[in-house]
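**Q** Sharing data-v4.txt, compact mmCIF, C-alpha atoms:
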# COMPACT_ATOMS: atom_id res chain seq x y z
CA MET O 575 216.47 146.73 42.85
CA ASN O 576 215.10 146.25 46.28
CA LEU O 577 217.34 148.21 48.62
CA VAL O 578 217.02 147.81 52.34
CA PRO O 579 216.34 151.30 53.71
CA GLU O 580 219.19 152.58 55.82
CA ASN O 581 218.56 153.05 59.47
CA LYS O 582 218.18 156.79 59.78
CA GLY O 583 218.80 156.65 63.49
CA THR O 584 215.12 156.85 64.35
CA ALA O 585 214.83 153.26 65.56
CA LYS O 586 215.52 153.23 69.26
CA HIS O 587 217.99 150.83 70.77
CA PHE O 588 216.98 149.10 73.98
CA ASP O 589 219.29 147.57 76.56
CA VAL O 590 218.05 144.90 78.92
CA ILE O 591 220.10 144.78 82.11
CA ILE O 592 219.76 141.70 84.33
CA SER O 593 221.37 141.39 87.76
CA SER O 594 220.98 138.72 90.43
CA GLU O 595 221.01 138.61 94.21
CA PRO O 596 223.09 136.70 95.24
CA GLU O 597 225.45 137.22 92.32
CA VAL O 598 226.50 133.56 92.23
CA ILE O 599 223.40 131.56 91.32
CA GLU O 600 223.14 128.23 93.11
CA ALA O 601 220.89 125.32 92.17
CA GLY O 602 218.05 124.64 94.59
CA LYS O 603 218.26 128.07 96.21
CA SER O 604 216.04 131.05 95.49
CA THR O 605 217.69 133.81 93.47
CA GLN O 606 216.16 137.23 92.92
CA PHE O 607 216.61 138.78 89.49
CA LYS O 608 216.25 142.45 88.68
CA ILE O 609 215.50 143.31 85.06
CA ILE O 610 215.66 146.86 83.69
CA VAL O 611 214.94 147.96 80.12
CA LYS O 612 216.81 151.13 79.17
CA ASN O 613 217.14 153.44 76.20
CA GLU O 614 220.18 155.72 76.35
CA ASP O 615 220.43 155.27 80.14
CA LYS O 616 216.75 156.11 80.71
CA VAL O 617 214.44 153.49 82.17
CA VAL O 618 211.79 152.58 79.59
CA SER O 619 208.06 152.18 80.31
CA LEU O 620 206.53 148.99 78.95
CA GLU O 621 203.12 148.25 77.47
CA GLU O 622 200.94 145.39 78.62
CA VAL O 623 200.95 142.52 76.13
CA HIS O 624 198.80 139.46 76.85
CA GLU O 625 197.88 140.86 80.26
CA MET O 626 201.49 141.33 81.40
CA LYS O 627 204.17 143.99 80.91
CA MET O 628 206.98 141.45 80.89
CA HIS O 629 207.06 137.74 80.13
CA LEU O 630 210.13 135.79 81.23
CA LEU O 631 210.68 132.34 79.77
CA VAL O 632 213.43 130.29 81.40
CA VAL O 633 214.90 127.07 79.99
CA ASN O 634 217.95 124.97 80.63
CA GLU O 635 220.47 124.53 77.82
CA GLU O 636 219.21 120.97 77.21
CA LEU O 637 215.62 122.23 76.79
CA THR O 638 214.33 119.67 79.29
CA TRP O 639 213.23 122.21 81.92
CA PHE O 640 210.99 125.22 81.38
CA ASP O 641 209.43 127.99 83.43
CA HIS O 642 207.26 130.95 82.41
CA ILE O 643 207.05 133.72 84.98
CA HIS O 644 206.02 137.35 85.13
CA PRO O 645 208.42 139.80 86.75
CA ILE O 646 206.75 142.35 89.04
CA GLU O 647 207.06 146.01 88.17
CA GLN O 648 208.71 148.20 90.83
CA GLU O 649 208.31 151.93 91.47
CA ASP O 650 211.65 152.70 89.80
CA GLY O 651 210.57 150.97 86.58
CA SER O 652 212.64 147.84 87.16
CA TYR O 653 211.11 144.35 87.34
CA LEU O 654 211.80 141.74 90.03
CA ILE O 655 211.37 137.97 89.96
CA ASP O 656 212.51 135.01 92.06
CA GLU O 657 213.58 131.72 90.52
CA ILE O 658 214.88 128.38 91.79
CA PHE O 659 216.91 126.34 89.30
CA PRO O 660 216.68 122.54 89.66
CA THR O 661 220.26 121.67 88.71
CA ALA O 662 223.62 123.25 88.03
CA GLY O 663 224.40 124.10 84.42
CA ASP O 664 223.66 126.68 81.73
CA TYR O 665 220.28 128.35 81.41
CA LEU O 666 218.68 130.86 79.07
CA PHE O 667 216.35 133.74 79.85
CA PHE O 668 214.06 135.03 77.12
CA VAL O 669 212.74 138.42 78.21
CA ASP O 670 209.70 139.36 76.11
CA TYR O 671 208.74 143.03 76.41
CA LYS O 672 207.23 145.89 74.41
CA PRO O 673 208.35 149.47 75.07
CA GLU O 674 205.52 151.99 74.82
CA ASN O 675 204.76 152.86 71.18
CA GLU O 676 207.56 150.59 69.91
CA GLU O 677 207.81 147.09 68.48
CA GLY O 678 207.93 144.14 70.85
CA ASN O 679 211.36 142.67 71.57
CA VAL O 680 212.79 139.43 72.89
CA TYR O 681 216.11 139.58 74.71
CA LYS O 682 218.11 136.36 75.15
CA HIS O 683 220.36 136.15 78.21
CA SER O 684 222.62 133.24 79.23
CA LEU O 685 223.48 132.43 82.80
CA ASN O 686 225.36 129.76 84.67
CA VAL O 687 224.05 128.02 87.78
CA VAL O 688 226.51 126.37 90.17
CA GLY O 689 225.97 123.57 92.65
CA ASN O 690 226.44 119.84 93.03
CA THR O 691 223.07 118.84 91.53
CA THR O 692 224.18 118.12 88.00
CA GLU O 693 221.75 115.28 87.20
CA ILE O 694 220.48 117.04 84.10
CA ALA O 695 217.83 115.18 82.13
CA GLN O 696 219.20 114.64 78.66
CA LEU O 697 216.85 115.53 75.84
CA ASP O 698 215.06 112.68 74.13
CA THR O 699 215.24 113.80 70.50
CA ASN O 700 212.40 111.52 69.36
CA ALA O 701 209.22 113.26 68.30
CA LYS O 702 206.73 113.70 71.14
CA PHE O 703 203.20 114.71 70.18
CA GLU O 704 201.45 113.89 73.45
CA SER O 705 202.03 115.16 76.95
CA GLU O 706 200.28 114.76 80.29
CA SER O 707 199.61 117.04 83.22
CA ASP O 708 197.46 116.06 86.22
CA GLY O 709 195.26 113.62 84.32
CA TYR O 710 194.92 115.82 81.25
CA THR O 711 196.51 114.75 77.98
CA ALA O 712 197.41 117.41 75.43
CA ARG O 713 198.04 116.34 71.88
CA ILE O 714 199.43 118.20 68.88
CA LEU O 715 197.46 116.87 65.94
CA ASN O 716 199.70 118.00 63.10
CA GLY O 717 203.07 117.64 64.82
CA ALA O 718 204.45 115.48 62.01
CA ASP O 719 203.61 118.06 59.31
CA LEU O 720 205.45 121.16 60.50
CA LYS O 721 207.37 123.11 57.85
CA THR O 722 209.33 126.33 57.50
CA ASN O 723 208.66 129.30 55.22
CA THR O 724 204.88 129.25 55.45
CA SER O 725 202.21 130.34 57.86
CA GLN O 726 202.28 127.14 59.88
CA PRO O 727 199.10 126.08 61.70
CA LEU O 728 199.42 124.39 65.09
CA GLN O 729 196.45 122.25 66.07
CA PHE O 730 195.88 120.85 69.57
CA GLU O 731 193.28 119.00 71.58
CA ILE O 732 193.01 118.24 75.28
CA LEU O 733 191.64 114.99 76.65
CA LYS O 734 190.61 113.76 80.08
CA ASP O 735 190.25 109.98 80.54
CA GLY O 736 190.57 109.50 76.78
CA ASN O 737 187.77 111.92 75.88
CA LYS O 738 188.10 115.43 74.51
CA ILE O 739 187.21 117.95 77.19
CA ASN O 740 184.38 120.41 76.57
CA ASP O 741 185.59 123.63 75.02
CA ASP O 742 184.03 125.65 77.82
CA GLU O 743 186.25 123.91 80.39
CA LEU O 744 189.23 125.76 78.92
CA GLN O 745 189.66 129.08 80.69
CA ASN O 746 191.48 131.95 79.07
CA TYR O 747 195.12 132.14 80.10
CA LEU O 748 196.92 135.41 79.36
CA GLY O 749 194.03 136.53 77.18
CA ALA O 750 193.95 133.45 74.94
CA LYS O 751 192.98 129.76 74.97
CA ALA O 752 196.56 128.78 75.76
CA HIS O 753 200.11 130.02 75.67
CA ILE O 754 202.74 128.40 73.44
CA VAL O 755 206.52 128.71 73.23
CA MET O 756 208.80 127.04 70.68
CA ILE O 757 212.60 126.97 71.01
CA SER O 758 214.97 125.39 68.48
CA GLN O 759 217.56 122.97 69.78
CA ALA O 760 220.36 124.18 67.52
CA GLU O 761 220.40 127.95 67.85
CA LYS O 762 217.83 128.46 70.61
CA GLU O 763 215.61 130.46 68.27
CA PHE O 764 212.56 131.54 70.23
CA LEU O 765 208.93 131.76 69.08
CA HIS O 766 206.23 133.13 71.39
CA ILE O 767 202.83 132.08 70.08
CA HIS O 768 199.33 133.01 71.19
CA PRO O 769 196.38 130.99 69.90
CA MET O 770 193.48 132.42 67.94
CA SER O 771 189.91 131.22 67.77
CA ASN O 772 189.13 128.42 65.35
CA GLU O 773 185.95 126.36 65.22
CA SER O 774 187.68 123.15 64.15
CA TYR O 775 190.31 122.88 66.88
CA GLN O 776 190.20 123.33 70.63
CA ILE O 777 193.49 125.18 70.60
CA TYR O 778 194.69 126.66 67.33
CA ALA O 779 197.58 128.95 66.48
CA GLU O 780 199.66 130.01 63.52
CA THR O 781 203.33 130.87 63.39
CA LEU O 782 206.15 131.30 60.89
CA ILE O 783 209.09 128.98 61.53
CA LYS O 784 212.21 130.16 59.75
CA LYS O 785 214.70 127.34 60.31
CA PRO O 786 214.21 123.57 60.05
CA GLY O 787 215.31 121.18 62.77
CA LEU O 788 214.29 119.97 66.21
CA TYR O 789 212.15 122.27 68.34
CA ARG O 790 210.91 121.95 71.87
CA MET O 791 207.43 123.30 72.46
CA TRP O 792 205.73 124.13 75.73
CA MET O 793 202.02 124.83 75.99
CA GLN O 794 200.20 126.18 79.02
CA PHE O 795 196.45 125.98 79.46
CA LYS O 796 194.12 126.68 82.37
CA ILE O 797 191.30 124.48 83.70
CA SER O 798 189.49 124.99 87.03
CA ASN O 799 191.82 127.91 87.82
CA LYS O 800 194.93 125.75 87.54
CA VAL O 801 197.57 126.32 84.86
CA HIS O 802 198.92 123.13 83.29
CA THR O 803 202.24 122.99 81.42
CA VAL O 804 202.79 120.32 78.77
CA ASP O 805 205.72 119.79 76.42
CA PHE O 806 206.24 118.45 72.92
CA THR O 807 209.21 117.67 70.68
CA VAL O 808 208.75 118.33 66.97
CA HIS O 809 210.96 118.07 63.91
CA VAL O 810 210.34 120.90 61.46
CA ALA O 811 211.04 120.18 57.79
CA GLU O 812 212.28 122.66 55.20
CA GLY O 813 209.22 124.01 53.40
CA ASN O 814 209.04 125.46 49.91
CA LYS O 815 210.70 128.82 49.60
CA THR O 816 208.01 131.44 49.13
CA SER O 817 208.25 134.65 47.17
CA GLU O 818 209.07 136.57 50.34
CA GLY O 819 212.56 137.89 50.02
CA HIS O 820 212.83 136.49 46.49
CA ASN O 821 211.73 139.04 43.94
CA HIS O 822 212.44 136.93 40.87
CA HIS O 823 209.16 135.07 40.72
CA HIS O 824 205.98 134.49 42.63
CA LYS O 825 204.89 131.02 43.62
CA HIS O 826 201.31 130.46 44.70
Here is a file; write its structure as C-alpha cells.
**A**
Amino acid sequence: MNLVPENKGTAKHFDVIISSEPEVIEAGKSTQFKIIVKNEDKVVSLEEVHEMKMHLLVVNEELTWFDHIHPIEQEDGSYLIDEIFPTAGDYLFFVDYKPENEEGNVYKHSLNVVGNTTEIAQLDTNAKFESESDGYTARILNGADLKTNTSQPLQFEILKDGNKINDDELQNYLGAKAHIVMISQAEKEFLHIHPMSNESYQIYAETLIKKPGLYRMWMQFKISNKVHTVDFTVHVAEGNKTSEGHNHHHKH
C-alpha cells in the first residue's frame, strides 16, 4: 500500500495578505496594492526566482486581459504595486513567490473592480495559435497537439514580415528566452512556465497540464529592449493516464 505520509507539522503554512488603497477599486484609476507574505504572524523573506522576488499575474475573469508586474520590496518586508484595471468586473491575482528555503507557492486572490466601464471583451473560444505585437508575429507550432498527463512540449517561433527572426535578436527576459503563463478557463488553474534551451525551436518549454479543456496562454518576449506580450487560446485534450499515481501497472 502506498500511504500518503501524514503532515508532521513541519511544513510551514504561509498567508498572503493583500490590501488596496483606496479600498474600493475603480476601473481606470490607479490603485496601490500592498502584499505581505506571513508565517505565524511573522513577515517572511522571499528568494529571487527568475530575477524577481515576487511575480504578480493579473487577469480578468473572462481571460481577455492580462498583466504581469513585479511588486517592489519595502523595508518592512511588504511589497507594493500599482495597477489600473481597464473595466469594471471580477479579476484574479496570482501571486507567485518562494519563501527562503521553502517550496515556491502561487496564491490566487479574487477582487472586484467597480465603475461604469463594463465593456468587457468576451472570450473568443476558438483556437488561436498566432498573435501579433508591434509587427512581430508569435506562433505556437504544436498548439493543436496539447495533452494532459505527460510532459508537454510547447514550441514557438517569432516572425517579422513573414520571416523567422534571428535567434540572437531575442533578448533574455527574466532569465530565459521568454515568459509563459497558462490559465484554464474553467477553474482558473495557473501554470507559470519558463522556457529552456532547445536547438530546434526558437522558444521551447515543457510543462505538465493536469486538466483538459480551454486554456489561455500569454507569452512575453523581449526584442530591442522592449517586452512584447502575445496571447494564444488552446484546447488541451485528455492524454493517456501514466503510471504516476497508479501503482497497478506501468505504461511506457
**Q** Separation of CA of Met756 in chain O and CA of Lys815 in chain O, in Å?
**A**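 Separating CA of Met756 in chain O from CA of Lys815 in chain O is a distance of 21.2 Å.
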**Q** Looking at O:Leu744, O:Leu637, O:Leu630, O:Ala712, which one is nearest to Leu788 in chain O, with distances taken over only C-alpha atoms?
**A**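 Looking at the shortest contact to Leu788 in chain O, the residue is O:Leu637.
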**Q** Between O:Val801, O:Lys627, O:Gln729, O:Met793, which is the closest to Met770 in chain O once you count all atoms listed in the file?
**A**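 So, comparing all the options, the nearest one is O:Gln729.
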**Q** Considering all atoms listed in the file, can you say which of O:Val687, O:Asn675, O:Ile591, O:Glu600 comes closest to Ser619 in chain O?
**A**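 Closest to Ser619 in chain O of all the choices is O:Asn675.
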**Q** Let me make sure I understand: among O:Asp589, O:Lys784, O:Pro727, O:Glu743, which one has the smallest atom-to-atom distance to Asn772 in chain O if we use all atoms listed in the file?
**A**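 Looking only at the distances to Asn772 in chain O, the closest residue turns out to be O:Pro727.
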**Q** Using the file's own x, y and z axes, what box holds all listed atoms of range 588-595 of chain O with 6 Å on each side, keeping edges along x, y and z, and what are its centre and edge lengths in Å to one decimal, as AutoDock Vina command-line options?
**A**
--center_x 219.2 --center_y 143.9 --center_z 84.1 --size_x 16.4 --size_y 22.5 --size_z 32.2
**Q** Considering only C-alpha atoms, state which residue in the set O:Tyr789, O:Tyr681, O:Phe703, O:Tyr653 is at the smallest distance from Ile609 in chain O.
**A**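 Once distances to Ile609 in chain O are computed over only C-alpha atoms, the minimum belongs to O:Tyr653.
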**Q** Would you please work out which residue, of O:Lys702, O:Pro786, O:Lys603, O:His644, is nearest to Gly717 in chain O when using only C-alpha atoms?
**A** O:Lys702
**Q** Give me the residues near Glu780 in chain O as a PyMOL selection string, where near means some atom within 9 Å (using only C-alpha atoms) and where sequence neighbours in that chain fewer than 2 positions away do not count.
**A** chain O and resi 725-729+767-770+778+782
**Q** Export, as a PDB file, keeping the file's coordinate frame, the selected residues with C-alpha atoms.
**A**
ATOM      1  CA  SER O 725     202.210 130.340  57.860  1.00  0.00           C
ATOM      2  CA  GLN O 726     202.280 127.140  59.880  1.00  0.00           C
ATOM      3  CA  PRO O 727     199.100 126.080  61.700  1.00  0.00           C
ATOM      4  CA  LEU O 728     199.420 124.390  65.090  1.00  0.00           C
ATOM      5  CA  GLN O 729     196.450 122.250  66.070  1.00  0.00           C
ATOM      6  CA  ILE O 767     202.830 132.080  70.080  1.00  0.00           C
ATOM      7  CA  HIS O 768     199.330 133.010  71.190  1.00  0.00           C
ATOM      8  CA  PRO O 769     196.380 130.990  69.900  1.00  0.00           C
ATOM      9  CA  MET O 770     193.480 132.420  67.940  1.00  0.00           C
ATOM     10  CA  TYR O 778     194.690 126.660  67.330  1.00  0.00           C
ATOM     11  CA  LEU O 782     206.150 131.300  60.890  1.00  0.00           C
TER      12      LEU O 782
END
**Q** For Lys738 in chain O, please output as a compact mmCIF listing (two decimals) with C-alpha atoms, keeping the file's coordinate frame all residues within 12 Å (counting all atoms listed in the file; exclusion window: fewer than 2 positions along the same chain).
**A**
# COMPACT_ATOMS: atom_id res chain seq x y z
CA TYR O 710 194.92 115.82 81.25
CA THR O 711 196.51 114.75 77.98
CA ALA O 712 197.41 117.41 75.43
CA ARG O 713 198.04 116.34 71.88
CA PHE O 730 195.88 120.85 69.57
CA GLU O 731 193.28 119.00 71.58
CA ILE O 732 193.01 118.24 75.28
CA LEU O 733 191.64 114.99 76.65
CA LYS O 734 190.61 113.76 80.08
CA ASP O 735 190.25 109.98 80.54
CA GLY O 736 190.57 109.50 76.78
CA ASN O 740 184.38 120.41 76.57
CA ASP O 741 185.59 123.63 75.02
CA ASP O 742 184.03 125.65 77.82
CA GLU O 743 186.25 123.91 80.39
CA LEU O 744 189.23 125.76 78.92
CA TYR O 775 190.31 122.88 66.88
CA GLN O 776 190.20 123.33 70.63
CA ILE O 777 193.49 125.18 70.60
**Q** Contacts of Val669 in chain O at 12 Å or less, counting only C-alpha atoms, minus same-chain residues fewer than 6 places along, as a PDB file with C-alpha atoms, in the frame of the given file?
**A**
ATOM      1  CA  ASP O 589     219.290 147.570  76.560  1.00  0.00           C
ATOM      2  CA  VAL O 590     218.050 144.900  78.920  1.00  0.00           C
ATOM      3  CA  ILE O 591     220.100 144.780  82.110  1.00  0.00           C
ATOM      4  CA  ILE O 592     219.760 141.700  84.330  1.00  0.00           C
ATOM      5  CA  PHE O 607     216.610 138.780  89.490  1.00  0.00           C
ATOM      6  CA  LYS O 608     216.250 142.450  88.680  1.00  0.00           C
ATOM      7  CA  ILE O 609     215.500 143.310  85.060  1.00  0.00           C
ATOM      8  CA  ILE O 610     215.660 146.860  83.690  1.00  0.00           C
ATOM      9  CA  VAL O 611     214.940 147.960  80.120  1.00  0.00           C
ATOM     10  CA  LYS O 627     204.170 143.990  80.910  1.00  0.00           C
ATOM     11  CA  MET O 628     206.980 141.450  80.890  1.00  0.00           C
ATOM     12  CA  HIS O 629     207.060 137.740  80.130  1.00  0.00           C
ATOM     13  CA  LEU O 630     210.130 135.790  81.230  1.00  0.00           C
ATOM     14  CA  LEU O 631     210.680 132.340  79.770  1.00  0.00           C
ATOM     15  CA  VAL O 632     213.430 130.290  81.400  1.00  0.00           C
ATOM     16  CA  VAL O 633     214.900 127.070  79.990  1.00  0.00           C
ATOM     17  CA  HIS O 642     207.260 130.950  82.410  1.00  0.00           C
ATOM     18  CA  ILE O 643     207.050 133.720  84.980  1.00  0.00           C
ATOM     19  CA  HIS O 644     206.020 137.350  85.130  1.00  0.00           C
ATOM     20  CA  PRO O 645     208.420 139.800  86.750  1.00  0.00           C
ATOM     21  CA  TYR O 653     211.110 144.350  87.340  1.00  0.00           C
ATOM     22  CA  ILE O 655     211.370 137.970  89.960  1.00  0.00           C
ATOM     23  CA  GLY O 678     207.930 144.140  70.850  1.00  0.00           C
ATOM     24  CA  ASN O 679     211.360 142.670  71.570  1.00  0.00           C
ATOM     25  CA  VAL O 680     212.790 139.430  72.890  1.00  0.00           C
ATOM     26  CA  TYR O 681     216.110 139.580  74.710  1.00  0.00           C
ATOM     27  CA  LYS O 682     218.110 136.360  75.150  1.00  0.00           C
ATOM     28  CA  HIS O 683     220.360 136.150  78.210  1.00  0.00           C
ATOM     29  CA  SER O 684     222.620 133.240  79.230  1.00  0.00           C
ATOM     30  CA  PHE O 764     212.560 131.540  70.230  1.00  0.00           C
ATOM     31  CA  LEU O 765     208.930 131.760  69.080  1.00  0.00           C
ATOM     32  CA  HIS O 766     206.230 133.130  71.390  1.00  0.00           C
TER      33      HIS O 766
END
**Q** Take CA of Glu812 in chain O and CA of Thr722 in chain O and report the distance between them in Å, one decimal.
**A** 5.2 Å
**Q** How far is it from CA of Ser705 in chain O to CA of Arg790 in chain O, in Å with one decimal?
**A**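 These two atoms are separated by 12.3 Å.
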**Q** Can you pull out every residue within 12 Å of Tyr747 in chain O, counting only C-alpha atoms, but drop anything in the same chain fewer than 4 positions away, and send it as a VMD selection string?
**A** chain O and resid 624 to 626 751 to 754 768 to 769 777 793 to 803
**Q** Rebuild range 686-721 of chain O so that it carries N, CA and C atoms, then output the result as a JSON list (two decimals), in the frame of the given file.
**A**
[["chain", "number", "residue", "atom", "x", "y", "z"],
["O", 686, "ASN", "N", 224.83, 131.03, 84.18],
["O", 686, "ASN", "CA", 225.36, 129.76, 84.67],
["O", 686, "ASN", "C", 224.94, 129.57, 86.12],
["O", 687, "VAL", "N", 224.49, 128.37, 86.43],
["O", 687, "VAL", "CA", 224.05, 128.02, 87.78],
["O", 687, "VAL", "C", 225.04, 127.01, 88.34],
["O", 688, "VAL", "N", 225.54, 127.28, 89.55],
["O", 688, "VAL", "CA", 226.51, 126.37, 90.17],
["O", 688, "VAL", "C", 225.80, 125.46, 91.16],
["O", 689, "GLY", "N", 226.53, 124.48, 91.66],
["O", 689, "GLY", "CA", 225.97, 123.57, 92.65],
["O", 689, "GLY", "C", 226.37, 122.15, 92.34],
["O", 690, "ASN", "N", 226.01, 121.23, 93.22],
["O", 690, "ASN", "CA", 226.44, 119.84, 93.03],
["O", 690, "ASN", "C", 225.31, 118.98, 92.45],
["O", 691, "THR", "N", 224.17, 119.61, 92.13],
["O", 691, "THR", "CA", 223.07, 118.84, 91.53],
["O", 691, "THR", "C", 223.20, 118.94, 90.02],
["O", 692, "THR", "N", 223.94, 118.03, 89.44],
["O", 692, "THR", "CA", 224.18, 118.12, 88.00],
["O", 692, "THR", "C", 223.46, 117.01, 87.24],
["O", 693, "GLU", "N", 222.49, 116.35, 87.88],
["O", 693, "GLU", "CA", 221.75, 115.28, 87.20],
["O", 693, "GLU", "C", 220.79, 115.91, 86.20],
["O", 694, "ILE", "N", 221.31, 116.35, 85.08],
["O", 694, "ILE", "CA", 220.48, 117.04, 84.10],
["O", 694, "ILE", "C", 219.83, 116.00, 83.18],
["O", 695, "ALA", "N", 218.52, 116.10, 83.03],
["O", 695, "ALA", "CA", 217.83, 115.18, 82.13],
["O", 695, "ALA", "C", 218.26, 115.47, 80.71],
["O", 696, "GLN", "N", 218.81, 114.45, 80.05],
["O", 696, "GLN", "CA", 219.20, 114.64, 78.66],
["O", 696, "GLN", "C", 217.96, 114.65, 77.78],
["O", 697, "LEU", "N", 218.02, 115.39, 76.70],
["O", 697, "LEU", "CA", 216.85, 115.53, 75.84],
["O", 697, "LEU", "C", 216.65, 114.29, 74.99],
["O", 698, "ASP", "N", 215.45, 113.75, 75.04],
["O", 698, "ASP", "CA", 215.06, 112.68, 74.13],
["O", 698, "ASP", "C", 214.69, 113.36, 72.81],
["O", 699, "THR", "N", 215.45, 113.07, 71.75],
["O", 699, "THR", "CA", 215.24, 113.80, 70.50],
["O", 699, "THR", "C", 214.15, 113.17, 69.62],
["O", 700, "ASN", "N", 213.52, 112.09, 70.11],
["O", 700, "ASN", "CA", 212.40, 111.52, 69.36],
["O", 700, "ASN", "C", 211.22, 112.48, 69.39],
["O", 701, "ALA", "N", 210.42, 112.43, 68.34],
["O", 701, "ALA", "CA", 209.22, 113.26, 68.30],
["O", 701, "ALA", "C", 208.31, 112.90, 69.47],
["O", 702, "LYS", "N", 207.67, 113.92, 70.03],
["O", 702, "LYS", "CA", 206.73, 113.70, 71.14],
["O", 702, "LYS", "C", 205.52, 114.59, 70.88],
["O", 703, "PHE", "N", 204.40, 113.96, 70.55],
["O", 703, "PHE", "CA", 203.20, 114.71, 70.18],
["O", 703, "PHE", "C", 202.13, 114.67, 71.26],
["O", 704, "GLU", "N", 202.42, 113.99, 72.37],
["O", 704, "GLU", "CA", 201.45, 113.89, 73.45],
["O", 704, "GLU", "C", 202.13, 114.16, 74.77],
["O", 705, "SER", "N", 201.42, 114.82, 75.67],
["O", 705, "SER", "CA", 202.03, 115.16, 76.95],
["O", 705, "SER", "C", 200.95, 115.23, 78.01],
["O", 706, "GLU", "N", 201.29, 114.81, 79.23],
["O", 706, "GLU", "CA", 200.28, 114.76, 80.29],
["O", 706, "GLU", "C", 200.58, 115.73, 81.41],
["O", 707, "SER", "N", 199.49, 116.22, 82.02],
["O", 707, "SER", "CA", 199.61, 117.04, 83.22],
["O", 707, "SER", "C", 198.37, 116.81, 84.07],
["O", 708, "ASP", "N", 198.58, 116.22, 85.26],
["O", 708, "ASP", "CA", 197.46, 116.06, 86.22],
["O", 708, "ASP", "C", 196.23, 115.41, 85.61],
["O", 709, "GLY", "N", 196.42, 114.33, 84.87],
["O", 709, "GLY", "CA", 195.26, 113.62, 84.32],
["O", 709, "GLY", "C", 194.75, 114.17, 83.01],
["O", 710, "TYR", "N", 195.29, 115.29, 82.56],
["O", 710, "TYR", "CA", 194.92, 115.82, 81.25],
["O", 710, "TYR", "C", 195.99, 115.44, 80.24],
["O", 711, "THR", "N", 195.57, 115.05, 79.05],
["O", 711, "THR", "CA", 196.51, 114.75, 77.98],
["O", 711, "THR", "C", 196.35, 115.80, 76.89],
["O", 712, "ALA", "N", 197.44, 116.45, 76.54],
["O", 712, "ALA", "CA", 197.41, 117.41, 75.43],
["O", 712, "ALA", "C", 198.09, 116.76, 74.25],
["O", 713, "ARG", "N", 197.54, 117.00, 73.08],
["O", 713, "ARG", "CA", 198.04, 116.34, 71.88],
["O", 713, "ARG", "C", 198.17, 117.38, 70.77],
["O", 714, "ILE", "N", 199.31, 117.38, 70.09],
["O", 714, "ILE", "CA", 199.43, 118.20, 68.88],
["O", 714, "ILE", "C", 199.07, 117.32, 67.70],
["O", 715, "LEU", "N", 198.04, 117.74, 66.96],
["O", 715, "LEU", "CA", 197.46, 116.87, 65.94],
["O", 715, "LEU", "C", 198.27, 116.85, 64.65],
["O", 716, "ASN", "N", 198.96, 117.96, 64.37],
["O", 716, "ASN", "CA", 199.70, 118.00, 63.10],
["O", 716, "ASN", "C", 201.20, 118.14, 63.36],
["O", 717, "GLY", "N", 201.66, 117.53, 64.44],
["O", 717, "GLY", "CA", 203.07, 117.64, 64.82],
["O", 717, "GLY", "C", 204.03, 117.07, 63.80],
["O", 718, "ALA", "N", 203.56, 116.12, 62.99],
["O", 718, "ALA", "CA", 204.45, 115.48, 62.01],
["O", 718, "ALA", "C", 204.53, 116.29, 60.72],
["O", 719, "ASP", "N", 203.71, 117.35, 60.60],
["O", 719, "ASP", "CA", 203.61, 118.06, 59.31],
["O", 719, "ASP", "C", 204.23, 119.45, 59.35],
["O", 720, "LEU", "N", 205.01, 119.77, 60.36],
["O", 720, "LEU", "CA", 205.45, 121.16, 60.50],
["O", 720, "LEU", "C", 206.55, 121.49, 59.49],
["O", 721, "LYS", "N", 206.42, 122.68, 58.88],
["O", 721, "LYS", "CA", 207.37, 123.11, 57.85],
["O", 721, "LYS", "C", 207.75, 124.58, 58.05]]
